[in-house]
>>> print(open('upload-v5.txt').read())   # compact mmCIF, C-alpha atoms and all ligand atoms
# COMPACT_ATOMS: atom_id res chain seq x y z
CA MET A 1352 73.63 -13.76 117.72
CA LYS A 1353 73.93 -15.99 114.66
CA LEU A 1354 72.58 -15.37 111.16
CA ALA A 1355 72.64 -17.61 108.08
CA VAL A 1356 72.21 -15.62 104.87
CA TYR A 1357 71.22 -17.20 101.55
CA GLY A 1358 72.70 -15.23 98.66
CA ALA A 1359 76.19 -13.76 98.53
CA GLY A 1360 76.00 -11.12 95.77
CA GLY A 1361 75.78 -7.33 95.90
CA HIS A 1362 72.51 -7.23 97.84
CA ALA A 1363 73.93 -9.68 100.40
CA LYS A 1364 76.87 -7.32 101.03
CA VAL A 1365 74.44 -4.64 102.18
CA VAL A 1366 72.51 -7.16 104.31
CA VAL A 1367 75.74 -8.33 105.98
CA GLU A 1368 76.66 -4.75 106.85
CA ILE A 1369 73.23 -4.18 108.43
CA ALA A 1370 73.40 -7.47 110.33
CA ARG A 1371 76.77 -6.46 111.78
CA GLN A 1372 75.36 -3.08 112.83
CA LEU A 1373 72.55 -4.97 114.59
CA GLY A 1374 75.00 -7.09 116.57
CA TYR A 1375 75.06 -10.42 114.71
CA GLN A 1376 78.52 -11.79 115.52
CA THR A 1377 78.40 -15.01 113.50
CA ILE A 1378 77.21 -14.54 109.93
CA SER A 1379 77.42 -17.53 107.56
CA LEU A 1380 76.73 -17.09 103.86
CA PHE A 1381 75.30 -19.67 101.47
CA ASP A 1382 75.07 -19.42 97.70
CA GLU A 1383 75.10 -21.96 94.86
CA ARG A 1384 78.30 -20.25 93.60
CA TRP A 1385 79.97 -20.74 96.98
CA GLN A 1386 83.12 -22.39 95.64
CA GLU A 1387 83.93 -19.55 93.24
CA LEU A 1388 82.88 -16.78 95.64
CA GLY A 1389 84.88 -17.91 98.70
CA GLU A 1390 83.91 -14.88 100.76
CA THR A 1391 81.66 -11.82 100.56
CA GLU A 1392 82.09 -8.71 102.69
CA GLY A 1393 84.49 -10.58 104.97
CA CYS A 1394 82.14 -13.55 105.57
CA GLN A 1395 82.90 -17.06 104.31
CA VAL A 1396 80.47 -18.50 101.75
CA ILE A 1397 80.30 -22.05 103.03
CA GLY A 1398 77.80 -23.93 100.88
CA GLY A 1399 74.59 -23.91 98.87
CA TRP A 1400 70.88 -24.07 99.76
CA GLN A 1401 70.88 -27.67 101.05
CA ASP A 1402 73.91 -26.85 103.20
CA MET A 1403 72.04 -23.87 104.64
CA LEU A 1404 69.07 -26.07 105.57
CA SER A 1405 71.42 -28.56 107.29
CA HIS A 1406 73.20 -25.70 109.07
CA LEU A 1407 69.87 -24.34 110.37
CA ALA A 1408 68.73 -27.81 111.48
CA SER A 1409 71.89 -28.29 113.53
CA ASN A 1410 71.92 -24.69 114.88
CA PRO A 1411 68.41 -24.02 116.25
CA ASP A 1412 69.57 -20.69 117.72
CA CYS A 1413 70.53 -19.42 114.25
CA SER A 1414 68.20 -17.01 112.41
CA ALA A 1415 68.05 -16.74 108.63
CA HIS A 1416 67.74 -14.14 105.92
CA VAL A 1417 67.29 -14.52 102.15
CA ALA A 1418 69.42 -11.90 100.39
CA ILE A 1419 68.38 -12.59 96.80
CA GLY A 1420 67.34 -9.61 94.70
CA ASN A 1421 65.01 -11.62 92.43
CA ASN A 1422 61.59 -11.28 94.07
CA SER A 1423 60.10 -14.65 93.06
CA THR A 1424 63.24 -16.62 93.99
CA ARG A 1425 63.37 -14.83 97.33
CA LEU A 1426 59.70 -15.68 97.99
CA LYS A 1427 60.18 -19.40 97.22
CA ARG A 1428 63.18 -19.67 99.54
CA LEU A 1429 61.42 -17.74 102.33
CA GLN A 1430 58.31 -19.92 102.10
CA THR A 1431 60.48 -23.02 102.60
CA LEU A 1432 62.15 -21.43 105.64
CA LYS A 1433 58.78 -20.38 107.08
CA ASP A 1434 57.45 -23.94 106.67
CA LEU A 1435 60.48 -25.12 108.66
CA ASP A 1436 59.73 -22.56 111.41
CA VAL A 1437 63.10 -20.87 111.00
CA LYS A 1438 63.40 -17.45 112.69
CA LEU A 1439 63.35 -14.72 110.01
CA PRO A 1440 64.08 -11.43 111.78
CA VAL A 1441 63.33 -8.05 110.25
CA LEU A 1442 66.65 -6.25 109.65
CA ILE A 1443 66.39 -2.48 110.08
CA HIS A 1444 69.51 -0.36 109.62
CA PRO A 1445 70.05 1.85 112.69
CA LYS A 1446 69.86 4.91 110.43
CA ALA A 1447 66.48 3.99 108.93
CA TYR A 1448 63.29 5.42 110.44
CA VAL A 1449 60.41 3.01 110.97
CA CYS A 1450 57.32 4.32 112.79
CA CYS A 1451 56.11 2.22 115.68
CA SER A 1452 52.68 1.78 114.07
CA ALA A 1453 54.21 0.31 110.90
CA HIS A 1454 54.13 -3.48 110.52
CA LEU A 1455 56.99 -5.28 108.82
CA GLY A 1456 56.71 -8.90 107.70
CA ASP A 1457 59.29 -11.57 108.58
CA GLY A 1458 62.53 -11.50 106.63
CA SER A 1459 62.16 -7.92 105.39
CA VAL A 1460 65.08 -5.50 105.33
CA VAL A 1461 65.03 -1.70 105.66
CA MET A 1462 68.22 0.03 104.53
CA ALA A 1463 69.95 3.21 105.67
CA ASN A 1464 68.01 6.49 105.33
CA ALA A 1465 64.77 4.76 104.37
CA THR A 1466 61.53 5.86 106.06
CA VAL A 1467 58.51 3.68 106.75
CA SER A 1468 55.66 5.87 107.94
CA VAL A 1469 52.62 5.46 110.16
CA GLY A 1470 50.09 2.74 109.51
CA SER A 1471 52.15 1.05 106.79
CA SER A 1472 52.03 -2.68 106.37
CA ILE A 1473 54.89 -4.49 104.66
CA GLY A 1474 54.76 -8.16 103.70
CA LEU A 1475 57.16 -11.06 103.99
CA GLY A 1476 60.68 -10.58 102.63
CA CYS A 1477 60.37 -7.03 101.29
CA ILE A 1478 63.41 -4.87 100.49
CA ILE A 1479 63.04 -1.21 101.43
CA ASN A 1480 66.22 0.09 99.85
CA HIS A 1481 68.42 3.10 100.66
CA ASN A 1482 66.85 6.58 100.75
CA SER A 1483 63.35 5.40 99.90
CA SER A 1484 60.15 6.53 101.60
CA VAL A 1485 57.02 4.51 102.25
CA ASP A 1486 54.41 7.00 103.39
CA HIS A 1487 51.37 6.68 105.63
CA ASP A 1488 49.05 3.67 105.28
CA VAL A 1489 50.96 2.12 102.38
CA LYS A 1490 50.41 -1.64 101.94
CA LEU A 1491 53.08 -3.83 100.37
CA GLY A 1492 52.56 -7.53 99.55
CA ASP A 1493 55.22 -10.22 99.92
CA CYS A 1494 58.70 -9.89 98.42
CA VAL A 1495 58.26 -6.40 97.01
CA HIS A 1496 61.46 -4.49 96.19
CA ILE A 1497 61.32 -0.74 96.76
CA CYS A 1498 64.56 0.32 95.05
CA PRO A 1499 66.84 3.15 96.23
CA GLY A 1500 65.33 6.63 96.18
CA VAL A 1501 61.73 5.55 95.53
CA ASN A 1502 58.92 7.62 97.07
CA LEU A 1503 55.53 6.01 97.66
CA ALA A 1504 52.82 8.52 98.64
CA GLY A 1505 50.11 7.81 101.19
CA GLU A 1506 47.76 4.82 100.83
CA VAL A 1507 49.58 3.31 97.85
CA GLN A 1508 49.10 -0.47 97.53
CA VAL A 1509 51.70 -2.72 95.93
CA GLY A 1510 51.13 -6.42 95.13
CA HIS A 1511 53.36 -9.43 95.71
CA GLU A 1512 56.76 -9.69 93.96
CA THR A 1513 56.58 -6.23 92.42
CA MET A 1514 59.73 -4.20 91.77
CA ILE A 1515 59.62 -0.39 91.84
CA GLY A 1516 62.73 0.81 89.99
CA ILE A 1517 65.30 3.21 91.34
CA GLY A 1518 64.21 6.83 91.78
CA SER A 1519 60.54 6.28 90.92
CA CYS A 1520 57.60 7.95 92.60
CA VAL A 1521 54.00 6.86 92.96
CA ILE A 1522 51.19 9.31 93.74
CA GLN A 1523 48.74 8.76 96.58
CA GLY A 1524 46.19 5.96 96.54
CA ILE A 1525 47.56 4.16 93.45
CA ILE A 1526 47.18 0.37 93.25
CA ILE A 1527 50.10 -1.50 91.67
CA ASN A 1528 49.32 -5.20 91.30
CA ASP A 1529 51.41 -8.39 91.64
CA ARG A 1530 54.66 -9.04 89.72
CA VAL A 1531 54.75 -5.56 88.18
CA PHE A 1532 58.04 -4.01 87.05
CA ILE A 1533 58.25 -0.22 87.28
CA GLY A 1534 61.25 1.16 85.33
CA ALA A 1535 63.84 3.49 86.83
CA GLY A 1536 62.80 7.12 87.37
CA SER A 1537 59.12 6.53 86.61
CA VAL A 1538 56.21 8.67 87.77
CA VAL A 1539 53.23 6.39 88.40
CA VAL A 1540 49.91 8.25 88.24
CA LYS A 1541 47.53 5.39 87.27
CA ASP A 1542 46.90 1.90 88.65
CA VAL A 1543 49.09 -0.84 87.13
CA LYS A 1544 47.76 -4.32 86.20
CA CYS A 1545 49.36 -7.65 87.18
CA ALA A 1546 52.72 -8.50 85.58
CA GLU A 1547 52.88 -5.26 83.55
CA LYS A 1548 56.18 -3.49 82.85
CA VAL A 1549 55.73 0.29 82.81
CA TYR A 1550 58.15 3.20 82.77
CA GLY A 1551 58.54 6.89 82.02
CA ASN A 1552 56.68 10.04 83.10
CA PRO A 1553 53.81 9.32 83.20
CA ALA A 1554 54.59 5.59 83.51
CA LYS A 1555 53.12 3.52 80.66
CA SER A 1556 53.60 0.11 79.00
CA PRO A 1557 56.16 0.25 76.15
C1 LIG B 1 70.67 -1.43 94.62
C2 LIG B 1 70.20 -1.68 93.21
O1 LIG B 1 71.00 -1.76 92.32
S1 LIG B 1 68.55 -1.91 92.96
C3 LIG B 1 68.35 -2.06 91.22
C4 LIG B 1 67.80 -0.80 90.59
N1 LIG B 1 67.58 -1.03 89.17
C5 LIG B 1 66.53 -0.54 88.51
O2 LIG B 1 65.72 0.17 89.06
C6 LIG B 1 66.45 -0.97 87.06
C7 LIG B 1 65.11 -0.64 86.43
N2 LIG B 1 65.13 -1.08 85.03
C8 LIG B 1 64.79 -0.28 84.01
O3 LIG B 1 64.43 0.90 84.19
C9 LIG B 1 64.85 -0.91 82.61
O4 LIG B 1 65.40 0.06 81.74
C10 LIG B 1 63.47 -1.41 82.12
C11 LIG B 1 63.19 -2.75 82.82
C12 LIG B 1 62.34 -0.45 82.42
C13 LIG B 1 63.44 -1.61 80.63
O5 LIG B 1 64.30 -2.63 80.26
P1 LIG B 1 64.13 -3.27 78.78
O6 LIG B 1 62.78 -3.86 78.63
O7 LIG B 1 65.31 -4.18 78.63
O8 LIG B 1 64.15 -2.03 77.81
P2 LIG B 1 65.36 -1.47 76.90
O9 LIG B 1 66.58 -1.23 77.75
O10 LIG B 1 65.49 -2.37 75.71
O11 LIG B 1 64.79 -0.07 76.46
C14 LIG B 1 63.68 0.06 75.58
C15 LIG B 1 63.41 1.54 75.38
O12 LIG B 1 62.87 2.09 76.57
C16 LIG B 1 63.70 3.15 77.08
N3 LIG B 1 63.76 2.98 78.55
C17 LIG B 1 64.25 1.93 79.25
N4 LIG B 1 64.10 2.12 80.56
C18 LIG B 1 63.51 3.32 80.70
C19 LIG B 1 63.09 4.05 81.84
N5 LIG B 1 63.28 3.57 83.07
N6 LIG B 1 62.50 5.23 81.63
C20 LIG B 1 62.31 5.73 80.37
N7 LIG B 1 62.68 5.06 79.25
C21 LIG B 1 63.27 3.88 79.42
C22 LIG B 1 65.06 2.92 76.43
O13 LIG B 1 65.79 4.11 76.35
C23 LIG B 1 64.66 2.37 75.09
O14 LIG B 1 64.23 3.45 74.27
P3 LIG B 1 64.55 3.47 72.69
O15 LIG B 1 63.82 2.28 72.13
O16 LIG B 1 63.99 4.78 72.25
O17 LIG B 1 66.03 3.34 72.57
>>> encode(input="upload-v5.txt", output="structure tokens")
Amino acid sequence: MKLAVYGAGGHAKVVVEIARQLGYQTISLFDERWQELGETEGCQVIGGWQDMLSHLASNPDCSAHVAIGNNSTRLKRLQTLKDLDVKLPVLIHPKAYVCCSAHLGDGSVVMANATVSVGSSIGLGCIINHNSSVDHDVKLGDCVHICPGVNLAGEVQVGHETMIGIGSCVIQGIIINDRVFIGAGSVVVKDVKCAEKVYGNPAKSP
């Protein structure tokens, strides 16, 4: 199995490790800094975005993943790949637990020790990071990042391109809108409006 990964930074290292666990034998990395990076996690970084598109065009059996931490950049790149009908598999670490009734959008990644519970629906290109839990009937939009150690209670809704900072928790039924930034270690007990940055316990705007 072949995988082309866009992005070759810290997040890409974790993605490469998961892809290897899942049996991808040929992993090619692409990043605009490819000349300075050389290799990441034992994989050669062989070009930038245009090179990745050429590589995918000449290798129709190759799947792709966008391993960029920035949610809006990740979404733009994924939309281009979707328009080109590139295969964008969901990457689930063998030590993650994803219920069979959960739905994961193309290009999402679920890291080790994360749990995605019953009835959850996760959009395109989401990152469900290490040791996080997404409880029953949670809905995530596209390119949401659930950082390590986050706990989302049942029926939480999270909008597109939102980042929930490391170690935060969100009580049941809360609605967090698009492009929100929740600071590390926050306790979210009220709905959060679009593009707000909130943090603390209880989480509030600064
Ligand atoms: C695998 C991975 O690495 S995934 C990446 C995980 N990373 C994260 O989750 C990072 C989340 N980022 C944060 O929490 C950031 O601190 C932010 C975005 C909330 C705030 O960043 P900034 O806007 O730059 O705020 P800044 O650092 O200037 O701090 C402003 C004030 O808020 C306080 N503050 C900042 N973050 C937090 C927080 N999470 N909780 C409580 N207080 C905070 C600061 O102590 C400071 O207080 P002071 O004015 O009394 O000194």
>>> atom_distance(input="upload-v5.txt", atom1="CA of Leu1373 (chain A)", atom2="CA of Gly1458 (chain A)")
14.4 Å
>>> residues_near_ligand(input="upload-v5.txt", ligand="ligand LIG 1 (chain B)", cutoff="6 Å", atoms="all atoms listed in the file", output="VMD selection string")
chain A and resid 1498 1516 to 1517 1534 to 1536 1550 to 1551
>>> atom_distance(input="upload-v5.txt", atom1="CA of Ser1405 (chain A)", atom2="CA of Glu1383 (chain A)")
14.5 Å
>>> atom_distance(input="upload-v5.txt", atom1="CA of Gly1474 (chain A)", atom2="CA of Val1507 (chain A)")
13.9 Å
>>> residues_around(input="upload-v5.txt", residues="Asp1382 (chain A)", least_positions_apart="4", cutoff="8 Å", atoms="only C-alpha atoms", output="ChimeraX atom specification")
/A:1357-1359,1396-1400
